[in-house]
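S.K.: Let me begin by handing over the structure; questions about it come next.
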Amino acid sequence: MAAVVLCTDEFEALARAEALARGLPQLPLVTVTHPIGGTPPHSVRAKAALVVDQVIQALTTAPAVSVSGERGEEEAETLEAPTDPDGLQAWVLEQGWGDGLPILPPTPERVKALLANTGRDPDEVIAVLPPRLGEATVRTLAVNAALAGARPEHLPLIIGAVEAIADPAFNLPAVQTTTHPCSPLLIINGPLTARLGIASGTGALGPGPWANAVIGRAVRLALQNVGGARPGKEDRATLGHPGKYTYCLAENEAASPWEPLSVERGFGYGTSTVTVCASEGPHNVNDHGSITARGIVATLAGVAATSGTNNVYLEGEPLFVLGPEHARTVAGDGWSKADLKQALFAAARVPLSRFSPENLERFAALRPQWFQGASTDAAVPIAAAWEDLMVIVAGGAGKHSAFIPTFGRTRSITRRIEE
Amino acid sequence: MDVLSPCGAQSRRFKSLAPRPGGLAGRAVGILDNSKPNAGVLLAGVAELLAARAGAGPLRTWRKPASAQPAECLDEIARSVEVVLTGSAD
């Protein structure tokens with residue numbers, strides 16, 4: 001079956017990278033000018049007319065280049081880099097390996113030291129990361145950890161996070177290349193947080209905590225370098241968010257009135273876990289006045305019931321990060337975490353009047369039970385069920401919590417970390 | 001100084017492209033709509049012009065239920081049509 005792929009010119013580099021990764025660099029690709037989404041149908045049909053001859057050619061003529069059965073050219077494993085810090089930084093950015101922030105050199109000696117803390121075979125393939133389908137071995141993850149400035153004791157957690165992110169239910173191929181600004185948020189539970197000094201209290205999402213910064217950054221660099229999701233090329237995030245540099249915190253279990261996320265997910269209290277969520281940046285929830293659970297819920301729900309998230313039409317698991325003081329107020333009324341989630345699910349509803357007619361039509365195809373045939377004074381929940389809402393406790397003193405929407409077509413994954 | 005590459009090996013083998021038919025007259029055309037906004041409009045527009053200009057047809061459309069997940073209908077498409085148009089990204 002002969003195929004041709006159409007895309008807009010803005011996404012041509014991504015389409016070519018995906019074709020190459022699947023061993024089909026000669027897959028015909030025909031581009032139209034960007035955008036086609038959010039434009040009148042007649043203008044889209046006009047673009048179709050402009051490319052139909054190219055499509056006929058692509059479907060009836062063999063491409064000039066024929067490649068089959070051979071492995072792609074191997075990339076060099078060791079390269080010579082400048083020794084001075086500024087030269088090294090510029091060189092790393094030229095290679096496409098960096099994120100714009102200063103890096104440390106991934107010399108063989110530093111990488112060997114990073115590997116000393118794990119008993120795993122350095123050549124073990126932890127995951128194959130899209131869209132490039134690069135092999136993330138233990139050694140390759142150690143190289144990215146070296147770039148990020150991570151320590152040997154951080155490597156098992158970095159490996160565990162990448163394993164979780166590569167779980168098919170996380171949907172990494174979409175998360176890596178979407179225009180949505182999601183980045184894997186790492187939520188750490190258990191005794192590992194204290195051992196590694198992963199911050200869970202004041203300023204846990206930065207700046208400042210070193211372990212949070214370098215662990216999150218090592219994972220992000222691995223996704224970019226091994227997975228080949230280079231910003232502006234295969235990583236198509238329209239605006240992105242700072243969590244695409246690093247996005248990692250520990251749950252503040254000591255300050256939480258409820259069971260930690262890891263225990264909710266079936267792990268024991270003494271077990272260290274990482275949970276990965278494909279998350280937007282945090283939306284702050286300021287509530288200095290409420291003294292009841294219902295009051296806190298009203299404010300949280302007010303922030304969460306927004307028409308511009310992916311969750312409102314793709315569902316998924318939006319996350320509420322309760323600051324300890326808000327959590328104590330809620331728990332002080334005798335509410336469990338489940339009580340809180342049920343109340344949030346009932347209260348965080350987006351009125352249909354907040355959506356344009358075009359979006360109502362699109363969303364009716366995806367969530368017909370909420371959008372199809374509903375009256376304009378109806379309102380839709382931000383998830384499929386209350387059980388899909390996630391709640392953790394993090395942060396320090398102060399009357400702030402956060403609502404963190406997700407990519408939607410993704411499931412959070414929790415993995416035990418072997419220490 | 002020597003540094004190690006952070007990229008790792010790329011896990012791929014090159015494949016052969018499916019042969020192209022010499023012409024489209026009378027060839028069944030499939031559209032795999034990737035569910036991105038207006039993808040269906042673009043692909044249908046092209047397919048209709050293939051029918052009008054090159055005599056292709058009949059036309060048949062499949063649509064992914066979600067843009068962010070792989071299609072599950074590829075075998076059915078391959079059994080049903082001789083050429084297929086699809087979209088990538090936005």
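We label chains A, B, ... in the order they appear in the structure tokens, count residues from 1 in each chain, and number ligands from 1 in the order shown.
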Find the residues near Asn38 (chain B): any atom within 12 Å, counting only C-alpha atoms, skip ones fewer than 6 places away on the same chain, and give them as number ranges by chain.
M.R.: A: 7-8, 34-45, 47-48, 358, 362; B: 44-45, 87, 89-90
S.K.: Give me, as JSON, numbers by chain, all polymer residues having an atom no more than 7 Å from Glu135 (chain A), counting only C-alpha atoms and skipping those fewer than 4 positions away in the same chain.
M.R.: {"A": [125, 127, 128, 129, 226], "B": [8, 9, 10, 11]}
S.K.: Which chain B residues have any atom within 8 Å of an atom of chain A, and for each, what is the nearest pair of atoms with distance in Å to one decimal, counting only C-alpha atoms, rows sorted by chain and number, as a Markdown table?
M.R.:
```
| residue | atom | partner | partner_atom | distance |
| --- | --- | --- | --- | --- |
| B:Met1 | CA | A:Ala81 | CA | 5.3 |
| B:Asp2 | CA | A:Glu80 | CA | 4.7 |
| B:Val3 | CA | A:Thr107 | CA | 4.3 |
| B:Leu4 | CA | A:Thr78 | CA | 4.6 |
| B:Ser5 | CA | A:Glu77 | CA | 5.1 |
| B:Pro6 | CA | A:Val143 | CA | 5.3 |
| B:Cys7 | CA | A:Val226 | CA | 4.3 |
| B:Gly8 | CA | A:Glu135 | CA | 5.6 |
| B:Ala9 | CA | A:Glu135 | CA | 5.5 |
| B:Gln10 | CA | A:Gly134 | CA | 4.3 |
| B:Ser11 | CA | A:Leu133 | CA | 5.6 |
| B:Arg12 | CA | A:Gly23 | CA | 5.8 |
| B:Arg13 | CA | A:Arg71 | CA | 4.7 |
| B:Phe14 | CA | A:Gly23 | CA | 3.9 |
| B:Lys15 | CA | A:Ser68 | CA | 4.8 |
| B:Ser16 | CA | A:Ser68 | CA | 5.2 |
| B:Leu17 | CA | A:Leu27 | CA | 6.9 |
| B:Ala18 | CA | A:Ala2 | CA | 5.3 |
| B:Pro19 | CA | A:Ala2 | CA | 6.3 |
| B:Arg20 | CA | A:Thr60 | CA | 5.0 |
| B:Pro21 | CA | A:Thr60 | CA | 5.2 |
| B:Gly22 | CA | A:Thr60 | CA | 5.1 |
| B:Gly23 | CA | A:Thr60 | CA | 5.6 |
| B:Leu24 | CA | A:Thr60 | CA | 7.2 |
| B:Lys36 | CA | A:Gly37 | CA | 7.3 |
| B:Pro37 | CA | A:Gly37 | CA | 4.6 |
| B:Asn38 | CA | A:Gly37 | CA | 5.4 |
| B:Ala39 | CA | A:Ile36 | CA | 7.5 |
| B:Val41 | CA | A:Pro41 | CA | 6.6 |
| B:Leu42 | CA | A:Ala48 | CA | 5.6 |
| B:Leu43 | CA | A:Ala48 | CA | 7.4 |
| B:Gly45 | CA | A:Arg45 | CA | 5.4 |
| B:Val46 | CA | A:Ala48 | CA | 5.1 |
| B:Leu49 | CA | A:Val52 | CA | 6.8 |
| B:Leu50 | CA | A:Val52 | CA | 7.0 |
| B:Ala54 | CA | A:Ile56 | CA | 7.9 |
| B:Pro65 | CA | A:Leu366 | CA | 7.8 |
| B:Ala66 | CA | A:Leu366 | CA | 8.0 |
| B:Ala68 | CA | A:Ala174 | CA | 5.4 |
| B:Gln69 | CA | A:Ala174 | CA | 7.2 |
| B:Ala78 | CA | A:Met1 | CA | 5.9 |
| B:Val81 | CA | A:Met1 | CA | 7.2 |
| B:Glu82 | CA | A:Met1 | CA | 5.0 |
| B:Val83 | CA | A:Ala2 | CA | 4.7 |
| B:Val84 | CA | A:Ala3 | CA | 4.8 |
| B:Leu85 | CA | A:Val4 | CA | 5.3 |
| B:Thr86 | CA | A:Val5 | CA | 5.0 |
| B:Gly87 | CA | A:Leu6 | CA | 4.6 |
| B:Ser88 | CA | A:Cys7 | CA | 5.2 |
| B:Ala89 | CA | A:Cys7 | CA | 6.5 |
| B:Asp90 | CA | A:Thr8 | CA | 6.7 |
```
S.K.: Determine, counting only C-alpha atoms, which protein, DNA and RNA residues have an atom within 10 Å of an atom of region 309-311 of chain A; residues of the same chain fewer than 3 positions away are not included. Present the result as number ranges by chain.
M.R.: A: 180, 280, 304-306, 314-318, 381-384, 404-409
S.K.: Could you find all residues in chain B that DSSP calls strand (DSSP E) from the backbone, and write them as a list in words?
M.R.: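 Filtering chain B to strand (DSSP E) leaves Asp2, Val3, Leu4, Val29, Gly30, Ile31, Leu32, Asp33, Leu59, Arg60, Thr61, Trp62, Arg63, Val83, Val84, Leu85, Thr86 and Gly87 of chain B.
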S.K.: As a ChimeraX atom specification, please: every residue in region 79-258 of chain A that DSSP puts in helix (DSSP H, G or I).
M.R.: /A:85-95,108-115,138-148,152-165,168-170,172-177,192-196,210-225,242-244,253-255
